[in-house]
file protein_29.txt (compact mmCIF, C-alpha atoms and all ligand atoms)
# COMPACT_ATOMS: atom_id res chain seq x y z
CA MET V 120 74.87 5.97 2.65
CA LEU V 121 72.29 5.26 5.36
CA LYS V 122 74.36 7.04 7.98
CA ASP V 123 74.68 10.01 5.65
CA ALA V 124 70.90 10.12 5.11
CA PHE V 125 70.20 9.92 8.88
CA CYS V 126 72.65 12.77 9.36
CA HIS V 127 70.95 14.96 6.73
CA SER V 128 67.58 14.03 8.16
CA SER V 129 68.58 15.31 11.61
CA ASN V 130 70.01 18.47 10.00
CA PHE V 131 66.62 19.13 8.45
CA PHE V 132 64.60 18.46 11.60
CA ASP V 133 67.01 20.60 13.66
CA LEU V 134 66.07 23.68 11.61
CA SER V 135 63.89 26.25 13.38
CA SER V 136 60.11 25.81 13.05
CA ASP V 137 60.07 28.96 10.91
CA LYS V 138 62.53 27.50 8.42
CA LYS V 139 60.80 24.12 8.34
CA SER V 140 57.43 25.78 7.74
CA LYS V 141 58.71 27.01 4.32
CA TYR V 142 58.52 23.38 3.21
CA ILE V 143 55.15 22.52 4.63
CA TYR V 144 52.52 20.91 2.35
CA PRO V 145 50.30 23.62 0.80
CA THR V 146 47.33 21.79 2.31
CA LEU V 147 47.90 19.04 4.81
CA GLU V 148 44.68 17.41 3.62
CA ASN V 149 46.31 16.84 0.25
CA LYS V 150 48.78 14.16 1.33
CA GLY V 151 50.86 11.59 -0.46
CA GLY V 152 53.06 14.21 -2.05
CA PHE V 153 56.03 16.29 -1.18
CA GLY V 154 56.80 18.37 1.86
CA TYR V 155 57.06 18.80 5.59
CA VAL V 156 54.45 17.50 8.03
CA PRO V 157 54.82 19.29 11.40
CA ALA V 158 54.64 17.43 14.71
CA GLU V 159 51.27 16.41 16.11
CA HIS V 160 49.40 16.29 12.80
CA GLU V 161 48.88 12.59 12.22
CA HIS V 162 46.10 10.71 13.85
CA PHE V 163 45.78 7.01 13.10
CA ASN V 164 43.21 6.54 15.85
CA HIS V 165 40.92 9.41 16.80
CA ASP V 166 40.12 7.80 20.16
CA LYS V 167 43.77 8.36 21.11
CA PRO V 168 45.95 11.49 21.36
CA VAL V 169 47.72 12.70 18.24
CA ASP V 170 51.19 11.21 17.44
CA ILE V 171 54.32 13.11 18.48
CA LYS V 172 56.19 12.82 15.21
CA GLU V 173 57.17 15.10 12.36
CA ALA V 174 58.00 14.00 8.83
CA PHE V 175 59.24 15.01 5.41
CA ASP V 176 57.70 13.26 2.40
CA ILE V 177 59.29 12.85 -0.99
CA SER V 178 57.18 11.35 -3.75
CA PRO V 179 58.44 11.05 -7.33
CA GLY V 180 55.10 11.74 -8.99
CA VAL V 181 54.45 15.28 -7.75
CA ASP V 182 55.68 18.89 -7.69
CA GLN V 183 59.29 18.71 -6.50
CA SER V 184 59.63 22.41 -5.67
CA ARG V 185 59.82 21.91 -1.92
CA TRP V 186 63.22 20.21 -1.66
CA PRO V 187 65.01 21.90 1.29
CA SER V 188 67.44 24.46 -0.16
CA GLU V 189 71.23 23.92 -0.20
CA GLU V 190 71.47 26.93 2.06
CA ASP V 191 69.16 25.41 4.70
CA VAL V 192 70.40 21.80 4.56
CA PRO V 193 73.55 21.42 2.45
CA GLY V 194 73.72 18.03 0.70
CA PHE V 195 70.17 16.98 1.66
CA HIS V 196 68.91 16.61 -1.91
CA ARG V 197 71.91 14.56 -3.08
CA SER V 198 71.91 12.31 -0.01
CA MET V 199 68.19 11.52 -0.12
CA LYS V 200 68.19 11.07 -3.88
CA SER V 201 70.88 8.36 -3.75
CA LEU V 202 69.12 6.54 -0.91
CA ILE V 203 65.79 6.72 -2.77
CA ASP V 204 67.44 5.16 -5.84
CA GLN V 205 68.91 2.33 -3.75
CA MET V 206 65.65 1.71 -1.89
CA THR V 207 63.68 1.69 -5.14
CA THR V 208 66.01 -1.02 -6.49
CA LEU V 209 65.58 -2.97 -3.24
CA ALA V 210 61.78 -2.57 -3.51
CA HIS V 211 61.75 -4.21 -6.94
CA ARG V 212 63.96 -7.07 -5.68
CA LEU V 213 61.57 -7.64 -2.81
CA TYR V 214 58.60 -7.54 -5.19
CA TYR V 215 60.31 -10.24 -7.25
CA LEU V 216 60.87 -12.43 -4.16
CA VAL V 217 57.25 -11.99 -3.12
CA GLY V 218 56.22 -12.98 -6.67
CA ILE V 219 58.31 -16.17 -6.36
CA GLY V 220 57.00 -16.85 -2.85
CA LEU V 221 53.40 -16.52 -4.00
CA ASP V 222 54.16 -18.65 -7.06
CA LEU V 223 52.77 -16.00 -9.41
CA PRO V 224 52.92 -16.87 -13.14
CA ASP V 225 54.96 -13.66 -13.58
CA PRO V 226 57.27 -13.02 -10.59
CA ASN V 227 57.56 -9.39 -11.75
CA HIS V 228 53.83 -8.83 -11.36
CA LEU V 229 54.17 -6.40 -8.44
CA SER V 230 56.87 -4.45 -10.28
CA ARG V 231 54.57 -4.11 -13.25
CA ALA V 232 51.81 -2.85 -10.93
CA SER V 233 54.27 -0.14 -9.79
CA PHE V 234 55.56 0.64 -13.27
CA LYS V 235 54.87 4.41 -13.18
CA GLY V 236 56.16 4.68 -9.62
CA ASP V 237 53.62 7.34 -8.64
CA GLY V 238 52.49 5.33 -5.61
CA MET V 239 56.00 5.21 -4.13
CA LEU V 240 56.57 7.46 -1.13
CA PHE V 241 59.84 8.05 0.67
CA ARG V 242 59.60 9.58 4.14
CA ILE V 243 62.00 10.66 6.85
CA LEU V 244 60.60 10.75 10.35
CA ASN V 245 61.67 12.48 13.52
CA TYR V 246 60.21 11.79 16.93
CA PRO V 247 61.29 14.75 19.08
CA LYS V 248 62.80 13.96 22.45
CA VAL V 249 60.51 13.73 25.44
CA ASP V 250 62.17 14.53 28.75
CA HIS V 251 59.39 13.82 31.14
CA LEU V 252 56.06 12.03 31.46
CA SER V 253 54.37 15.39 32.00
CA MET V 254 55.19 16.30 28.36
CA LEU V 255 52.87 13.51 27.16
CA LYS V 256 49.09 13.50 27.08
CA PRO V 257 47.59 10.39 28.74
CA GLY V 258 47.98 7.51 26.29
CA GLN V 259 50.09 9.53 23.83
CA VAL V 260 52.72 7.55 21.92
CA ARG V 261 55.22 8.30 19.18
CA CYS V 262 53.19 6.51 16.52
CA THR V 263 49.79 4.90 17.16
CA GLY V 264 49.18 1.33 16.00
CA HIS V 265 48.28 1.11 12.31
CA THR V 266 48.85 -0.83 9.12
CA ASP V 267 50.50 0.75 6.08
CA TYR V 268 48.40 1.20 2.96
CA GLY V 269 50.16 -0.34 -0.01
CA PHE V 270 52.28 -3.36 -0.99
CA LEU V 271 55.44 -3.35 1.16
CA THR V 272 57.19 -0.90 3.49
CA ILE V 273 60.97 -0.84 3.90
CA LEU V 274 61.99 0.79 7.18
CA TYR V 275 65.36 1.76 8.65
CA GLN V 276 65.45 2.92 12.26
CA ASP V 277 68.16 4.42 14.43
CA ASP V 278 69.19 2.70 17.67
CA CYS V 279 66.63 4.39 19.95
CA GLY V 280 64.04 1.59 19.86
CA GLY V 281 60.33 1.65 20.59
CA LEU V 282 59.00 0.08 17.38
CA GLU V 283 56.72 -2.91 17.87
CA VAL V 284 55.08 -5.19 15.29
CA MET V 285 52.07 -7.43 15.85
CA ASN V 286 52.40 -11.16 15.29
CA ARG V 287 49.67 -13.52 14.03
CA GLU V 288 48.59 -14.15 17.62
CA GLY V 289 47.77 -10.45 18.01
CA GLU V 290 50.65 -9.71 20.39
CA TYR V 291 53.01 -6.80 19.89
CA VAL V 292 56.66 -7.87 19.63
CA GLU V 293 59.57 -5.44 19.92
CA ALA V 294 61.38 -4.81 16.61
CA ILE V 295 64.83 -4.41 18.12
CA PRO V 296 67.02 -2.03 16.06
CA LEU V 297 69.76 -3.93 14.21
CA LYS V 298 72.39 -1.75 12.61
CA GLY V 299 72.09 -1.49 8.81
CA THR V 300 69.06 -3.78 8.79
CA ALA V 301 65.82 -3.04 6.99
CA LEU V 302 62.49 -4.05 8.43
CA VAL V 303 59.89 -5.00 5.82
CA ASN V 304 56.17 -4.78 6.54
CA VAL V 305 53.30 -5.99 4.37
CA GLY V 306 50.71 -3.30 3.58
CA ASP V 307 46.92 -3.44 3.15
CA PHE V 308 46.76 -3.57 -0.63
CA LEU V 309 49.05 -6.61 -0.85
CA SER V 310 47.10 -8.16 1.96
CA MET V 311 43.83 -7.61 0.10
CA CYS V 312 45.26 -8.84 -3.23
CA THR V 313 46.42 -12.07 -1.60
CA GLY V 314 43.23 -12.77 0.38
CA GLU V 315 45.38 -12.14 3.51
CA LYS V 316 47.85 -14.90 2.65
CA LEU V 317 50.29 -12.09 3.32
CA LYS V 318 48.70 -10.13 6.14
CA SER V 319 49.32 -6.42 6.66
CA THR V 320 51.31 -5.85 9.82
CA MET V 321 49.99 -3.70 12.68
CA HIS V 322 52.84 -1.68 14.15
CA GLN V 323 53.34 1.15 16.62
CA VAL V 324 56.14 3.20 18.16
CA LEU V 325 56.01 3.58 21.93
CA ILE V 326 58.05 5.74 24.24
CA SER V 327 59.21 4.48 27.61
CA GLU V 328 61.14 6.16 30.42
CA GLU V 329 64.37 4.53 29.29
CA ASN V 330 64.31 6.55 26.09
CA PHE V 331 63.27 9.83 27.67
CA GLY V 332 65.75 12.53 26.59
CA ARG V 333 66.34 10.85 23.21
CA ARG V 334 64.95 11.69 19.81
CA ARG V 335 64.12 8.83 17.45
CA GLN V 336 64.59 8.85 13.70
CA SER V 337 63.47 6.48 10.99
CA ILE V 338 63.57 6.38 7.19
CA VAL V 339 60.79 4.68 5.33
CA MET V 340 59.97 3.78 1.75
CA PHE V 341 56.32 2.97 1.15
CA CYS V 342 56.53 0.67 -1.87
CA ASP V 343 53.07 0.98 -3.27
CA PRO V 344 51.34 0.28 -6.58
CA ASP V 345 50.54 2.99 -9.10
CA GLY V 346 47.55 5.13 -8.17
CA ASP V 347 45.36 3.66 -10.90
CA PHE V 348 46.24 0.04 -10.07
CA ALA V 349 42.97 -1.76 -9.29
CA LEU V 350 42.60 -4.41 -6.64
CA GLU V 351 42.94 -7.81 -8.30
CA PRO V 352 43.29 -11.35 -6.99
CA LEU V 353 46.89 -12.57 -7.02
CA CYS V 354 46.01 -15.60 -4.95
CA GLY V 355 43.36 -16.45 -2.39
CA ASN V 356 39.80 -15.27 -2.54
CA LEU V 357 38.68 -11.72 -3.11
CA GLU V 358 34.95 -12.43 -2.86
CA GLY V 359 32.95 -9.53 -1.45
CA LEU V 360 35.68 -6.95 -2.00
CA GLN V 361 34.74 -3.67 -3.71
CA PRO V 362 36.42 -2.68 -6.96
CA LEU V 363 39.01 -0.20 -5.71
CA THR V 364 42.08 1.54 -7.10
CA PHE V 365 45.10 2.16 -4.89
CA ASN V 366 44.45 5.92 -5.07
CA GLN V 367 40.90 5.48 -3.82
CA TRP V 368 42.12 3.30 -0.96
CA ARG V 369 44.96 5.63 0.00
CA ASN V 370 42.75 8.74 -0.10
CA LYS V 371 40.28 7.02 2.15
CA ARG V 372 43.05 6.21 4.66
CA TYR V 373 44.49 9.76 4.44
CA ALA V 374 41.05 11.21 5.11
CA GLN V 375 40.96 9.22 8.36
CA THR V 376 44.53 10.12 9.37
CA TYR V 377 44.36 13.89 8.69
CA ARG V 378 40.78 14.55 9.76
O1 LIG E 401 59.11 5.27 12.65
C1 LIG E 401 58.79 4.10 12.61
O2 LIG E 401 59.53 3.20 12.99
C2 LIG E 401 57.42 3.71 12.10
C3 LIG E 401 56.88 4.67 11.08
C4 LIG E 401 55.62 4.18 10.46
O3 LIG E 401 55.10 3.17 10.82
C5 LIG E 401 54.98 4.92 9.36
O4 LIG E 401 55.40 6.04 9.05
O5 LIG E 401 54.05 4.38 8.75
FE FE E 402 53.66 2.49 9.39
call {"tool": "encode", "arguments": {"input": "protein_29.txt", "output": "structure tokens", "more": "lines below"}}
Ligand SMILES: O=C(O)CCC(=O)C(=O)O
Ligand SMILES: [Fe+2]
result
Amino acid sequence: MLKDAFCHSSNFFDLSSDKKSKYIYPTLENKGGFGYVPAEHEHFNHDKPVDIKEAFDISPGVDQSRWPSEEDVPGFHRSMKSLIDQMTTLAHRLYYLVGIGLDLPDPNHLSRASFKGDGMLFRILNYPKVDHLSMLKPGQVRCTGHTDYGFLTILYQDDCGGLEVMNREGEYVEAIPLKGTALVNVGDFLSMCTGEKLKSTMHQVLISEENFGRRRQSIVMFCDPDGDFALEPLCGNLEGLQPLTFNQWRNKRYAQTYR
């Protein structure tokens, strides 16, 4: 199933720019929805060059009219839909395990916070191939260091490599691709709800000479609470934190990324 989804993902990204632009977000400022994000649009750190990645977002809670057509990418809809279903089931299993790990009175607490599912976001990513250093701006990487916004992120990557995650000591460690293996990152909202008992993971995707000439693909499910879910203490201390819904937090982060 994963292989099939990676294959349909590359079929989409291999379309001409003209064809892909039919599926672009109506306004790229209005993120968190459904559609194509062209390369060099996302900026996690405005002191650094823009990221060289393109993406396609699929969110259950919004206008679904921009699914790539059967004519453009045969089988895309079916393939992504079955992976989304599987990853959503996995998300709720992980939520349950986190609930047990945190010793919450109700281990399904995170699932209940994601009951409507409108915070969930599935995304396929393509990092176009770079043949030569001269194609990069100084300091440009595939994806600049950042934390994700919500509860948990489930990530599948191809075998290209380049993803690094930061450990508690503040050092980046390579997340070596392991076939069929999901990488799970903690996001900001879970971090805030747990007083950083579970800390959101900084991560980045670099490009080195050894992967020049190779594209990189990844498939991600941002497993996030419903938009109207308000920050609440699950454990730890939330003193000093503003009252904040997930939507307010995510919009704030989008405003920084798509400025
Ligand atoms: O492509 C990757 O491995 C990382 C993607 C990522 O961190 C993101 O989209 O938030
Ligand atoms: Fe991320």
call {"tool": "residues_near_ligand", "arguments": {"input": "protein_29.txt", "ligand": "ligand FE 402 (chain E)", "cutoff": "8 Å", "atoms": "only C-alpha atoms and all ligand atoms", "output": "NGL selection string"}}
result
:V and (265-267 or 272 or 321-323)
call {"tool": "residues_around", "arguments": {"input": "protein_29.txt", "residues": "Asp278 of chain V", "least_positions_apart": "4", "cutoff": "8 Å", "atoms": "only C-alpha atoms", "output": "NGL selection string"}}
result
:V and (296-298 or 335)
call {"tool": "closest_residue", "arguments": {"input": "protein_29.txt", "among": "V:Leu282, V:Met199, V:Leu223, V:Leu209", "to": "ligand LIG 401 (chain E)", "atoms": "all atoms listed in the file"}}
result
V:Leu282
call {"tool": "closest_residue", "arguments": {"input": "protein_29.txt", "among": "V:Ile273, V:Val292, V:Ala349, V:Leu252", "to": "ligand LIG 401 (chain E)", "atoms": "all atoms listed in the file"}}
result
V:Ile273
call {"tool": "atom_distance", "arguments": {"input": "protein_29.txt", "atom1": "atom CA of Gln259 of chain V", "atom2": "atom CA of Lys167 of chain V"}}
result
7.0 Å
call {"tool": "residues_around", "arguments": {"input": "protein_29.txt", "residues": "Ser188 of chain V", "least_positions_apart": "3", "cutoff": "12 Å", "atoms": "only C-alpha atoms", "output": "list in words"}}
result
Phe131, Leu134, Lys138, Lys139, Lys141, Tyr142, Gln183, Ser184, Arg185, Asp191, Val192, Pro193, Gly194, Phe195, His196 and Arg197 of chain V
call {"tool": "closest_residue", "arguments": {"input": "protein_29.txt", "among": "V:Cys312, V:Ala158, V:Val339, V:Cys279", "to": "ligand LIG 401 (chain E)", "atoms": "only C-alpha atoms and all ligand atoms"}}
result
V:Val339
call {"tool": "closest_residue", "arguments": {"input": "protein_29.txt", "among": "V:Gly299, V:Gly258, V:Pro362, V:Gly264", "to": "ligand LIG 401 (chain E)", "atoms": "all atoms listed in the file"}}
result
V:Gly264
call {"tool": "closest_residue", "arguments": {"input": "protein_29.txt", "among": "V:Lys256, V:His228, V:Arg261, V:Arg369", "to": "ligand LIG 401 (chain E)", "atoms": "all atoms listed in the file"}}
result
V:Arg261
call {"tool": "atom_distance", "arguments": {"input": "protein_29.txt", "atom1": "atom CA of Tyr246 of chain V", "atom2": "atom CA of Lys172 of chain V"}}
result
4.5 Å
call {"tool": "residues_around", "arguments": {"input": "protein_29.txt", "residues": "Gly346 of chain V", "least_positions_apart": "5", "cutoff": "12 Å", "atoms": "all atoms listed in the file", "output": "list in words"}}
result
Gly151, Gly180, Ala232, Ser233, Phe234, Lys235, Gly236, Asp237, Gly238, Met239, Leu240, Tyr268, Gly269, Phe308, Leu363, Thr364, Phe365, Asn366, Gln367, Trp368, Arg369 and Asn370 of chain V
call {"tool": "axis_aligned_box", "arguments": {"input": "protein_29.txt", "around": "ligand LIG 401 (chain E)", "padding_each_side": "4 Å", "output": "JSON"}}
result
{"center_x": 56.8, "center_y": 4.6, "center_z": 10.9, "size_x": 13.5, "size_y": 10.9, "size_z": 12.2}
call {"tool": "residues_near_point", "arguments": {"input": "protein_29.txt", "point": "(63.5, 14.8, 13.5)", "cutoff": "8 Å", "atoms": "all atoms listed in the file", "output": "PyMOL selection string"}}
result
chain V and resi 128-129+131-133+172-174+243-247+334-336
call {"tool": "write_last_selection", "arguments": {"input": "protein_29.txt", "atoms": "C-alpha atoms", "output": "PDB file, keeping the file's coordinate frame"}}
result
ATOM      1  CA  SER V 128      67.580  14.030   8.160  1.00  0.00           C
ATOM      2  CA  SER V 129      68.580  15.310  11.610  1.00  0.00           C
ATOM      3  CA  PHE V 131      66.620  19.130   8.450  1.00  0.00           C
ATOM      4  CA  PHE V 132      64.600  18.460  11.600  1.00  0.00           C
ATOM      5  CA  ASP V 133      67.010  20.600  13.660  1.00  0.00           C
ATOM      6  CA  LYS V 172      56.190  12.820  15.210  1.00  0.00           C
ATOM      7  CA  GLU V 173      57.170  15.100  12.360  1.00  0.00           C
ATOM      8  CA  ALA V 174      58.000  14.000   8.830  1.00  0.00           C
ATOM      9  CA  ILE V 243      62.000  10.660   6.850  1.00  0.00           C
ATOM     10  CA  LEU V 244      60.600  10.750  10.350  1.00  0.00           C
ATOM     11  CA  ASN V 245      61.670  12.480  13.520  1.00  0.00           C
ATOM     12  CA  TYR V 246      60.210  11.790  16.930  1.00  0.00           C
ATOM     13  CA  PRO V 247      61.290  14.750  19.080  1.00  0.00           C
ATOM     14  CA  ARG V 334      64.950  11.690  19.810  1.00  0.00           C
ATOM     15  CA  ARG V 335      64.120   8.830  17.450  1.00  0.00           C
ATOM     16  CA  GLN V 336      64.590   8.850  13.700  1.00  0.00           C
TER      17      GLN V 336
END
call {"tool": "closest_residue", "arguments": {"input": "protein_29.txt", "among": "V:Glu315, V:Leu271, V:Glu288, V:Cys262", "to": "ligand LIG 401 (chain E)", "atoms": "all atoms listed in the file"}}
result
V:Cys262
call {"tool": "atom_distance", "arguments": {"input": "protein_29.txt", "atom1": "atom CA of Ile219 of chain V", "atom2": "atom CA of Glu358 of chain V"}}
result
23.9 Å
call {"tool": "decode", "arguments": {"input": "protein_29.txt", "residues": "segment 176-239 of chain V", "atoms": "C-alpha atoms", "output": "mmCIF file, in the first residue's frame"}}
result
data_model
loop_
_atom_site.group_PDB
_atom_site.id
_atom_site.type_symbol
_atom_site.label_atom_id
_atom_site.label_comp_id
_atom_site.auth_asym_id
_atom_site.auth_seq_id
_atom_site.Cartn_x
_atom_site.Cartn_y
_atom_site.Cartn_z
ATOM 1 C CA ASP V 176 -2.262 18.486 1.046
ATOM 2 C CA ILE V 177 -5.381 16.468 1.718
ATOM 3 C CA SER V 178 -7.492 17.450 4.694
ATOM 4 C CA PRO V 179 -10.819 15.766 5.462
ATOM 5 C CA GLY V 180 -12.560 18.874 6.761
ATOM 6 C CA VAL V 181 -12.490 21.040 3.631
ATOM 7 C CA ASP V 182 -13.575 21.394 -0.001
ATOM 8 C CA GLN V 183 -12.448 18.194 -1.715
ATOM 9 C CA SER V 184 -12.826 19.475 -5.280
ATOM 10 C CA ARG V 185 -9.108 19.549 -6.020
ATOM 11 C CA TRP V 186 -8.380 15.807 -6.073
ATOM 12 C CA PRO V 187 -6.143 15.223 -9.136
ATOM 13 C CA SER V 188 -8.362 13.879 -11.934
ATOM 14 C CA GLU V 189 -8.288 10.220 -13.061
ATOM 15 C CA GLU V 190 -7.083 11.494 -16.401
ATOM 16 C CA ASP V 191 -4.066 13.286 -14.894
ATOM 17 C CA VAL V 192 -3.090 10.691 -12.272
ATOM 18 C CA PRO V 193 -5.018 7.422 -12.657
ATOM 19 C CA GLY V 194 -5.618 5.689 -9.317
ATOM 20 C CA PHE V 195 -4.326 8.601 -7.189
ATOM 21 C CA HIS V 196 -7.579 9.162 -5.299
ATOM 22 C CA ARG V 197 -8.095 5.476 -4.471
ATOM 23 C CA SER V 198 -4.478 4.929 -3.431
ATOM 24 C CA MET V 199 -4.272 7.968 -1.153
ATOM 25 C CA LYS V 200 -7.701 7.342 0.329
ATOM 26 C CA SER V 201 -6.766 3.822 1.488
ATOM 27 C CA LEU V 202 -3.472 5.018 2.967
ATOM 28 C CA ILE V 203 -5.247 7.883 4.756
ATOM 29 C CA ASP V 204 -7.697 5.391 6.294
ATOM 30 C CA GLN V 205 -4.841 3.168 7.498
ATOM 31 C CA MET V 206 -2.840 6.089 8.861
ATOM 32 C CA THR V 207 -5.888 7.476 10.656
ATOM 33 C CA THR V 208 -6.354 4.114 12.394
ATOM 34 C CA LEU V 209 -2.650 4.103 13.302
ATOM 35 C CA ALA V 210 -2.976 7.676 14.643
ATOM 36 C CA HIS V 211 -5.711 6.626 17.063
ATOM 37 C CA ARG V 212 -3.654 3.620 18.217
ATOM 38 C CA LEU V 213 -0.709 5.899 18.885
ATOM 39 C CA TYR V 214 -2.962 8.348 20.738
ATOM 40 C CA TYR V 215 -4.093 5.458 22.942
ATOM 41 C CA LEU V 216 -0.486 4.429 23.680
ATOM 42 C CA VAL V 217 0.425 8.017 24.531
ATOM 43 C CA GLY V 218 -2.616 8.124 26.848
ATOM 44 C CA ILE V 219 -1.356 4.973 28.614
ATOM 45 C CA GLY V 220 2.207 6.303 28.728
ATOM 46 C CA LEU V 221 1.063 9.564 30.295
ATOM 47 C CA ASP V 222 -1.176 7.656 32.697
ATOM 48 C CA LEU V 223 -4.216 9.708 31.693
ATOM 49 C CA PRO V 224 -7.486 8.772 33.460
ATOM 50 C CA ASP V 225 -8.948 8.172 29.969
ATOM 51 C CA PRO V 226 -6.344 6.691 27.573
ATOM 52 C CA ASN V 227 -8.592 7.753 24.673
ATOM 53 C CA HIS V 228 -8.341 11.408 25.656
ATOM 54 C CA LEU V 229 -6.330 12.437 22.568
ATOM 55 C CA SER V 230 -8.730 10.561 20.291
ATOM 56 C CA ARG V 231 -11.625 12.430 21.834
ATOM 57 C CA ALA V 232 -9.774 15.715 21.247
ATOM 58 C CA SER V 233 -9.578 14.718 17.550
ATOM 59 C CA PHE V 234 -13.147 13.455 17.341
ATOM 60 C CA LYS V 235 -14.241 15.616 14.373
ATOM 61 C CA GLY V 236 -10.964 14.977 12.556
ATOM 62 C CA ASP V 237 -10.832 18.470 11.059
ATOM 63 C CA GLY V 238 -7.304 19.039 12.385
ATOM 64 C CA MET V 239 -5.912 15.986 10.574
#
